[in-house]
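Shown next, in structure tokens, is the structure this report addresses.
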Amino acid sequence: PHPSTGGGGIAPLTEQEEEEQPLQAVLVADSFNRRFFPISKDQPRALLPLGNVAMIDYTLEFLTSTGVQETFVFCCWMSNKIKDHLLKSKWCRPTSPNVVHIITSDLYRSLGDVLRDVDAKNLVRNDFILVYGDVVSNIDVSQALQEHRHRRKVDKNISVMTMVFKESSPGHKSRCEEDDVIVAMDSKSKRVLHYQKTQGLKKLQFPMNIFQHGSDEFEIRHDLLDCHISICSPQVAELFTDNFDYQTRNDFVRGILVNEEILGNQIHLYVTQDGYGARVSNLQMYDSVSSDMVRRWVYPLTPEANFTDQQGQGCTHSRHNVYRGAEVSLGHGSQMEENVLIGRDTSIGANCHISNSVIGNNCTIGDNVVLDRAHMWNNVHISSNVEIHQSVVCDGAVVKEAVHLNKQCVLAYNVVIGPNLSLPDGTVVSMHHPEEEEEDDDDEFLSDDQEVGHSKDKTRQKAFNPAEVGPEGKGYIWKASMNDTEDEELAQCLWGLVLNPDPESDSESEASEESQDRSRSVSPEIDDVNAFQLEVLGTLQRGLEENIVCDNLVLEINSLKYAYNITLKEVMQILTRVVLEYPFQQQGTQLTTLQYTGSLLPLLKTWSPVFKNYIKRAQDHLDCLSAVEELFLEQDTHQTAMVKVLMKMYQLEILEEEAILKWFSTGATNDKSRQLRKNQGKQRMSLQRKESEEDESSEEGE
Amino acid sequence: MPGADKEADLTERIEAFLADLKRGGCGTGPIRGSGETARETTALLRKVTAQARWSSAGDLMEIIRKEGRRMTAAQPSETTVGNMVLRVLKIIREEYARSRGSSEETDQQESLHKLLTSGGLSEENFRQHFVHLKANVIEAINELLTELDGTTDNIAMQALEHIHSNEVIMTVGRSRTVEAFLKDAARKRKFHVIVAECAPFCQGHEMATNLSKASIETTVIADAAIFAVMSRVNKVIIGTQTVLANGGLRAVNGTHTVALAARHHSTPLIVCAPMFKLSPQFPNEEDTFHKFVSPHEVLPFTEGEILSKVNVHCPVFDYVPPELITLFISNIGGNAPSYIYRLMSELYHPEDHDL
């Protein structure tokens, strides 16, 4: 029997064990931003209807169909509503193949918090799928999962995350501009080497070092749509705990890539061509995902499939993608042209033209209404002669006669508009007064936890402006509050970047991003070394001024070493250099040799523990000596000081005798250094003699 | 309590089956063959019969009907499920009638008198309790399962009567039944098969690979070449997804083209269809008749900008009218399309047609 068969016998067993463990998922039912405000003030984003089904149901269906058996749903903003919804849904029935645990806390502020909680509560035992509650997808991730597991088995837990991307060329309407990324990856291993959000940048720079190691084939791709589905190993949660500054997945990915050499973790990519996956991250995406769904791109998650298994939700599908729920009545001469979904118990008047729209349950629509790319939720009343183009009308809104909604309008919950009014492009009307928002801002972070009840009375007092919402209207024009601008994500409006592409802010962010990149990426060796040298100098200075213990200095230099990605050899050389140049730094270059040695020698004494920490092996000694040599070659007026420096270093036991002798006898690489050595020669001989005498005397003394 | 346990287990099984049905058929049609679906449905119904609580045939029929409605609603295009539910209902009726001592056979004969006095054996007559009914019904369902297991073989056995040496046969897409049929004939005869690839799913490629593995001379052609090639073809043999009540077909996209070309060249069109594909449904423009899947195969999602400007549809099925069909070969022999109505009344009880 071969020894390998024994190993082979064990391997499948563990594999089997792994597979027997139920697949887990972490579903984050909060966006941690206010992109959907004011709509999400009344309803959490995960419960907003997309094709008359709450978005979280799509995500859960996706997870269940990929074979997830246990899902942890994390909610923060309006967690009670999400909880109620889930408890009523089919996911919480005892027969559900996917066991859903709901975990709520008001303390979550970001994805990072959620994952830290996952780690703290020890919820995941194995690889898990991480998604947001607004992801709509039918991608079969089992292939990606298999690849992920295989990678983890082959090289012991190095790969921590596999991100799922969908191929789609730039300009695709379902690509979210905010999520546009440039990814550099190794074509063979699918390892992510560089990951950057483009955010409208014209110029992108890649650090050279990513191409220097690894295989010889790279891909730099921009044709990827981020599905926001990631397969994570349990380490991901731990890493979030270790790095408390990670807030988003983006932070995490960048952090892992930057620290790849130190921590040894890698991130991989899975690119799929089949299937559909997108995250509803703003209303622009809402519009396109909704229309993709009606056009059956997400098959089998189609409206008529009624996958949520709710009574009365079923609808029929007929030509040109027209879906009708139960008890829909359509008036004389009305046309449903194409891609229309109408919920149950909705009645539509005569001579209406409806195309590319989704209409919820229990809506009433008057006569001569034109709807194009309208998204109407439940219980909406539309009077006659209304025109709506590419707009969202939320639950309970009333649109009176002859109102015209131009592109990208939003009527939030229970708003009344009209009659005889035309709302300009991009108008957002809400029952919440924008000012009430600002008041709440102080005690609120990114999103998601204030109680609006107390401000309601105040709202009532402020009168509705008939010029804005019409004579019988109820509601306020909503403007994104301006004090959020420090957070660039919040400054973006409900519809994403497409509407009002603010050229100034764009170019600004571009510039800042670029400069950031430049400092980070342009030939990092030189840049980093210089920066590191400066930092070491600063550290030593401070150490001197504040009398910091040498151990702490060592700690600081070590951390700098990681920060700037410096090798140990370089650290030593730079340290030597910095110390030897220190007198020049402090007192100018016009020092005489005597003054120089006078100020340097005490410094050497103070910092000798630092040196000793770095100079340990024989090679270190030689490196240090060559650094000393290099410096004195540059400062040729002070060459005579070199002996004294070496002498001191020897006395402080920084350098060993053999190393000095070895250096002296070898390694004269050019004329100048030979000259230097020659000059030192005599003095050195005497030095050596003195040294040996000293040694002897000290030995005698002992 | 073991009873409750059993029931929970049963509902779990049913839910899993429903979820499977709903998710089934991504793109290229059902992942499983319809034969397998038929077997699974029947096995599940047997489990329902064995484990659900019922005291009389009427109760049982009500339960089966209820579950059947859910199953057919889960995936309306998969008619096999509905067919199997009807078969089981028919079995229950027969067993009940046998227990009562009267023969169901007499009921079969339709006469004007019978039509006028119809509803003779209506629901309230199923209330009588029989001790052995459960065992008998399960026994009969087992017989049905055995029949289902043998269908493909039964059809394949008839291959030699229809395929002769040196014939050129055309088929379209991939059908497991047709594949078995052709392979069976290839044991004795040498003939040439032309496979239309059946875009956009191109199951024809798989079919051709499988046939050539069985050392049958095979050629794949594009769908556009069907008409051009038809003049050389001696026989067209196709499979189908459903045989409709009027003798028409609901078959994979492209079948209608083949059928029309065959009619133009007066080439016989033979349909290999097991009996469980026979559905009491009539062709209509009703919504469940068609099945539209993700347009991905027609125009990939990766295309980009154009997708927001065009509407892409990807229907899966064609309707083929009965007058284009020469012969049906089922597991009980060959039949003309005009005879389908007769088979229908033998297999299903008229009162069950609407679940």
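Ordered as shown in the structure tokens, chains take letters A, B, and onward, while each chain numbers its residues from 1 and ligands are numbered from 1 in the order shown.
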Contacts between stretch 239-261 of chain B and stretch 139-197 of chain B, please, where a residue of stretch 139-197 of chain B counts if it comes within 9 Å (with only C-alpha atoms); show its shortest atom pair and distance in Å to one decimal, rows by chain and ascending number, as a tab-separated table.
residue	atom	partner	partner_atom	distance
B:Met170	CA	B:Val258	CA	8.8
B:Thr171	CA	B:Gly239	CA	8.3
B:Val172	CA	B:Thr255	CA	6.8
B:Gly173	CA	B:Val252	CA	7.4
B:Arg174	CA	B:Gly239	CA	7.8
B:Ser175	CA	B:Gly239	CA	5.4
B:Arg176	CA	B:Gly239	CA	8.0
B:Thr177	CA	B:Gly239	CA	6.7
B:Val178	CA	B:Gly239	CA	5.9
B:Ala196	CA	B:Gly254	CA	8.6
Using only C-alpha atoms, what does the table of chain A residues within 9 Å of chain B look like, with each row giving the shortest atom pair and its distance in Å to one decimal, sorted by chain and ascending number, as a Markdown table?
| residue | atom | partner | partner_atom | distance |
| --- | --- | --- | --- | --- |
| A:Ser65 | CA | B:Arg23 | CA | 7.4 |
| A:Pro94 | CA | B:Glu12 | CA | 8.5 |
| A:Thr95 | CA | B:Glu12 | CA | 5.1 |
| A:Ser96 | CA | B:Glu12 | CA | 7.8 |
| A:Pro97 | CA | B:Ala16 | CA | 7.6 |
| A:Lys166 | CA | B:Thr302 | CA | 8.3 |
| A:Glu167 | CA | B:Thr302 | CA | 5.7 |
| A:Ser168 | CA | B:Thr302 | CA | 3.9 |
| A:Ser169 | CA | B:Gly304 | CA | 5.1 |
| A:Pro170 | CA | B:Gly304 | CA | 6.5 |
| A:Gly171 | CA | B:Glu305 | CA | 5.5 |
| A:His172 | CA | B:Gly304 | CA | 4.0 |
| A:Lys173 | CA | B:Ser308 | CA | 6.5 |
| A:Ser174 | CA | B:Gly304 | CA | 8.6 |
| A:Asp223 | CA | B:Thr302 | CA | 8.4 |
| A:Gln273 | CA | B:Thr302 | CA | 7.3 |
| A:Asp274 | CA | B:His296 | CA | 7.4 |
| A:Gly275 | CA | B:His296 | CA | 8.0 |
| A:Tyr276 | CA | B:Phe301 | CA | 8.2 |
| A:Ser288 | CA | B:Ser308 | CA | 8.8 |
| A:Arg295 | CA | B:Asn311 | CA | 7.7 |
| A:Arg296 | CA | B:Ser294 | CA | 5.1 |
| A:Trp297 | CA | B:Ser294 | CA | 4.5 |
| A:Val298 | CA | B:Ser294 | CA | 6.5 |
| A:Tyr299 | CA | B:Ser294 | CA | 5.2 |
| A:Pro300 | CA | B:Arg23 | CA | 6.0 |
| A:Leu301 | CA | B:Arg23 | CA | 8.2 |
| A:Ala305 | CA | B:Lys22 | CA | 7.1 |
| A:Asn306 | CA | B:Ala74 | CA | 8.3 |
| A:Phe307 | CA | B:Lys22 | CA | 7.4 |
| A:Thr316 | CA | B:Asp287 | CA | 6.1 |
| A:His317 | CA | B:Asp287 | CA | 5.4 |
| A:Ser318 | CA | B:Asp287 | CA | 5.0 |
| A:Arg319 | CA | B:Asp287 | CA | 8.0 |
| A:His320 | CA | B:His313 | CA | 8.3 |
| A:Asn321 | CA | B:His313 | CA | 8.8 |
| A:Asn339 | CA | B:Asn311 | CA | 9.0 |
Output of the above residues as an mmCIF file, in the first residue's frame, restricted to N, CA and C atoms:
data_model
loop_
_atom_site.group_PDB
_atom_site.id
_atom_site.type_symbol
_atom_site.label_atom_id
_atom_site.label_comp_id
_atom_site.auth_asym_id
_atom_site.auth_seq_id
_atom_site.Cartn_x
_atom_site.Cartn_y
_atom_site.Cartn_z
ATOM 1 N N SER A 65 -32.010 29.008 -2.586
ATOM 2 C CA SER A 65 -31.840 28.194 -3.794
ATOM 3 C C SER A 65 -30.383 27.818 -4.017
ATOM 4 N N PRO A 94 -42.094 26.243 9.797
ATOM 5 C CA PRO A 94 -41.251 25.131 10.271
ATOM 6 C C PRO A 94 -40.693 24.294 9.140
ATOM 7 N N THR A 95 -41.334 24.307 7.976
ATOM 8 C CA THR A 95 -40.856 23.449 6.894
ATOM 9 C C THR A 95 -39.770 24.104 6.061
ATOM 10 N N SER A 96 -39.433 25.334 6.385
ATOM 11 C CA SER A 96 -38.477 26.037 5.538
ATOM 12 C C SER A 96 -37.113 25.349 5.568
ATOM 13 N N PRO A 97 -36.554 25.116 4.393
ATOM 14 C CA PRO A 97 -35.236 24.463 4.349
ATOM 15 C C PRO A 97 -34.115 25.383 4.840
ATOM 16 N N LYS A 166 -20.219 39.781 -11.770
ATOM 17 C CA LYS A 166 -20.890 39.376 -12.998
ATOM 18 C C LYS A 166 -20.293 40.177 -14.136
ATOM 19 N N GLU A 167 -20.063 39.475 -15.225
ATOM 20 C CA GLU A 167 -19.502 40.171 -16.367
ATOM 21 C C GLU A 167 -20.572 41.045 -17.007
ATOM 22 N N SER A 168 -20.288 42.317 -17.186
ATOM 23 C CA SER A 168 -21.197 43.160 -17.962
ATOM 24 C C SER A 168 -20.416 44.387 -18.374
ATOM 25 N N SER A 169 -20.532 44.688 -19.640
ATOM 26 C CA SER A 169 -19.642 45.708 -20.186
ATOM 27 C C SER A 169 -20.022 47.093 -19.668
ATOM 28 N N PRO A 170 -19.089 48.017 -19.690
ATOM 29 C CA PRO A 170 -19.379 49.359 -19.197
ATOM 30 C C PRO A 170 -20.523 49.988 -19.996
ATOM 31 N N GLY A 171 -21.289 50.815 -19.340
ATOM 32 C CA GLY A 171 -22.433 51.436 -20.006
ATOM 33 C C GLY A 171 -23.704 50.632 -19.834
ATOM 34 N N HIS A 172 -23.583 49.467 -19.239
ATOM 35 C CA HIS A 172 -24.750 48.639 -18.977
ATOM 36 C C HIS A 172 -25.626 49.349 -17.960
ATOM 37 N N LYS A 173 -26.913 49.318 -18.201
ATOM 38 C CA LYS A 173 -27.762 50.117 -17.324
ATOM 39 C C LYS A 173 -27.866 49.530 -15.924
ATOM 40 N N SER A 174 -27.553 48.272 -15.785
ATOM 41 C CA SER A 174 -27.638 47.694 -14.448
ATOM 42 C C SER A 174 -26.330 47.796 -13.689
ATOM 43 N N ASP A 223 -14.956 45.402 -16.738
ATOM 44 C CA ASP A 223 -16.266 44.949 -17.221
ATOM 45 C C ASP A 223 -16.969 44.092 -16.179
ATOM 46 N N GLN A 273 -20.748 34.516 -15.961
ATOM 47 C CA GLN A 273 -21.399 35.107 -17.128
ATOM 48 C C GLN A 273 -22.888 34.831 -17.104
ATOM 49 N N ASP A 274 -23.249 33.734 -16.497
ATOM 50 C CA ASP A 274 -24.669 33.400 -16.429
ATOM 51 C C ASP A 274 -25.247 34.006 -15.169
ATOM 52 N N GLY A 275 -26.529 33.990 -15.149
ATOM 53 C CA GLY A 275 -27.192 34.448 -13.939
ATOM 54 C C GLY A 275 -27.210 35.945 -13.848
ATOM 55 N N TYR A 276 -27.935 36.401 -12.854
ATOM 56 C CA TYR A 276 -28.125 37.819 -12.677
ATOM 57 C C TYR A 276 -27.859 38.139 -11.232
ATOM 58 N N SER A 288 -33.621 50.010 -12.665
ATOM 59 C CA SER A 288 -33.134 49.048 -13.654
ATOM 60 C C SER A 288 -33.292 47.605 -13.187
ATOM 61 N N ARG A 295 -38.550 41.974 -17.122
ATOM 62 C CA ARG A 295 -38.123 41.408 -18.404
ATOM 63 C C ARG A 295 -37.523 40.022 -18.257
ATOM 64 N N ARG A 296 -37.667 39.459 -17.126
ATOM 65 C CA ARG A 296 -37.360 38.051 -16.864
ATOM 66 C C ARG A 296 -35.877 37.729 -16.850
ATOM 67 N N TRP A 297 -35.046 38.691 -16.602
ATOM 68 C CA TRP A 297 -33.628 38.366 -16.531
ATOM 69 C C TRP A 297 -33.304 37.555 -15.282
ATOM 70 N N VAL A 298 -34.156 37.676 -14.285
ATOM 71 C CA VAL A 298 -33.839 37.002 -13.030
ATOM 72 C C VAL A 298 -34.554 35.656 -12.943
ATOM 73 N N TYR A 299 -35.053 35.161 -14.075
ATOM 74 C CA TYR A 299 -35.729 33.871 -14.085
ATOM 75 C C TYR A 299 -34.934 32.866 -13.268
ATOM 76 N N PRO A 300 -35.498 32.050 -12.446
ATOM 77 C CA PRO A 300 -36.914 31.836 -12.188
ATOM 78 C C PRO A 300 -37.531 32.772 -11.146
ATOM 79 N N LEU A 301 -36.884 33.807 -10.737
ATOM 80 C CA LEU A 301 -37.521 34.747 -9.808
ATOM 81 C C LEU A 301 -38.350 35.745 -10.598
ATOM 82 N N ALA A 305 -44.054 33.718 -10.629
ATOM 83 C CA ALA A 305 -43.635 32.504 -9.931
ATOM 84 C C ALA A 305 -44.144 32.497 -8.493
ATOM 85 N N ASN A 306 -44.422 33.668 -7.941
ATOM 86 C CA ASN A 306 -44.921 33.787 -6.572
ATOM 87 C C ASN A 306 -44.061 32.980 -5.608
ATOM 88 N N PHE A 307 -42.758 33.219 -5.661
ATOM 89 C CA PHE A 307 -41.849 32.382 -4.880
ATOM 90 C C PHE A 307 -41.968 32.625 -3.388
ATOM 91 N N THR A 316 -50.559 36.385 -13.511
ATOM 92 C CA THR A 316 -50.385 35.663 -14.759
ATOM 93 C C THR A 316 -49.475 36.443 -15.676
ATOM 94 N N HIS A 317 -48.847 35.701 -16.533
ATOM 95 C CA HIS A 317 -47.891 36.322 -17.443
ATOM 96 C C HIS A 317 -48.407 36.151 -18.857
ATOM 97 N N SER A 318 -48.492 37.240 -19.600
ATOM 98 C CA SER A 318 -48.862 37.087 -20.996
ATOM 99 C C SER A 318 -47.895 37.851 -21.886
ATOM 100 N N ARG A 319 -48.200 37.844 -23.139
ATOM 101 C CA ARG A 319 -47.293 38.420 -24.144
ATOM 102 C C ARG A 319 -46.777 39.804 -23.763
ATOM 103 N N HIS A 320 -45.641 40.105 -24.248
ATOM 104 C CA HIS A 320 -44.982 41.395 -24.022
ATOM 105 C C HIS A 320 -44.741 41.662 -22.541
ATOM 106 N N ASN A 321 -44.559 40.592 -21.814
ATOM 107 C CA ASN A 321 -44.263 40.722 -20.388
ATOM 108 C C ASN A 321 -45.291 41.559 -19.637
ATOM 109 N N ASN A 339 -43.984 45.158 -20.628
ATOM 110 C CA ASN A 339 -43.259 45.151 -19.361
ATOM 111 C C ASN A 339 -44.055 45.823 -18.240
#
May I have the residues within 12 Å of stretch 645-647 of chain A as a VMD selection string, using only C-alpha atoms and disregarding those fewer than 2 positions away in the same chain? chain A and resid 576 579 to 580 593 to 594 596 to 605 621 624 to 629 631 to 632 638 to 643 649 to 657 659 to 661 663 to 664 680 683 to 691 694
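Each of B:Thr219, B:Ser55, B:Asn234, B:Thr79 was checked against B:Phe282 using only C-alpha atoms; the smallest atom-to-atom distance is that of B:Thr79.
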Check the DSSP output for the backbone and give back, as a VMD selection string, the residues of stretch 123-260 of chain B in strand (DSSP E). chain B and resid 168 to 172 192 to 196 217 to 221 235 to 238 242 to 243 249 to 252
Write out as a list of chain:residue names each polymer residue whose atoms come within 10 Å of B:Arg65, counting only C-alpha atoms; drop sequence neighbours fewer than 6 positions from it. B:Asp59, B:Met71, B:Gly82, B:Val85, B:Leu86, B:Val88, B:Leu89, B:Asp352, B:Asp354, B:Leu355
Write out as a PyMOL selection string which residues come within 12 Å of B:Gln158 when counting only C-alpha atoms, dropping same-chain ones fewer than 6 positions away. chain B and resi 151-152+164+177-178+180-185+272+328-334
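The coordinates place atom CA of A:Asp242 at 16.5 Å from atom CA of A:Ala563.
Each of B:Ser266, B:Thr72, B:Thr80, B:Ser56 was checked against B:Glu40 using only C-alpha atoms; the smallest atom-to-atom distance is that of B:Thr80.
Between atom CA of B:Val220 and atom CA of B:His205 there is a distance of 7.1 Å.
For the set A:Asp180, A:Glu61, A:Glu535, A:Glu261, the residue with the smallest atom-to-atom gap to A:Asn209 is A:Glu261, counting only C-alpha atoms.
Within stretch 32-85 of chain A, DSSP applied to the backbone places the following residues in alpha helix (DSSP H): Met55, Ile56, Asp57, Tyr58, Thr59, Leu60, Glu61, Phe62, Leu63, Thr64, Ser65, Ser79, Asn80, Lys81, Ile82, Lys83, Asp84 and His85 of chain A.
If only C-alpha atoms are the atoms counted, then among B:Arg87, B:Ser165, B:Tyr348, B:Gly68 the closest residue to B:Leu144 is B:Arg87.
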Write out as a ChimeraX atom specification the residues lying within 10 Å of A:Gln313, counting only C-alpha atoms and excluding same-chain residues fewer than 6 positions away. /A:52-53,303-307,325-326,343-344,361
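Put simply, atom CA of A:Ile348 is 22.5 Å away from atom CA of A:Gln311.
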So which residues touch A:Lys81 within 9 Å, counting only C-alpha atoms, skipping near sequence neighbours fewer than 6 positions away, as a short mmCIF file (atom, residue, chain, number, x, y, z; two decimals) with N, CA, C and O atoms, in the first residue's frame?
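So the final result, stored in around16.cif, reads:
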data_model
loop_
_atom_site.label_atom_id
_atom_site.label_comp_id
_atom_site.auth_asym_id
_atom_site.auth_seq_id
_atom_site.Cartn_x
_atom_site.Cartn_y
_atom_site.Cartn_z
N GLN A 43 -39.86 53.08 6.05
CA GLN A 43 -39.80 51.65 5.78
C GLN A 43 -38.33 51.31 5.54
O GLN A 43 -37.68 52.00 4.76
N PRO A 44 -37.81 50.29 6.19
CA PRO A 44 -36.41 49.95 5.92
C PRO A 44 -36.21 49.51 4.47
O PRO A 44 -37.14 48.99 3.86
N LEU A 47 -37.30 46.15 3.01
CA LEU A 47 -38.72 45.82 2.84
C LEU A 47 -39.36 46.60 1.70
O LEU A 47 -40.54 46.43 1.44
#
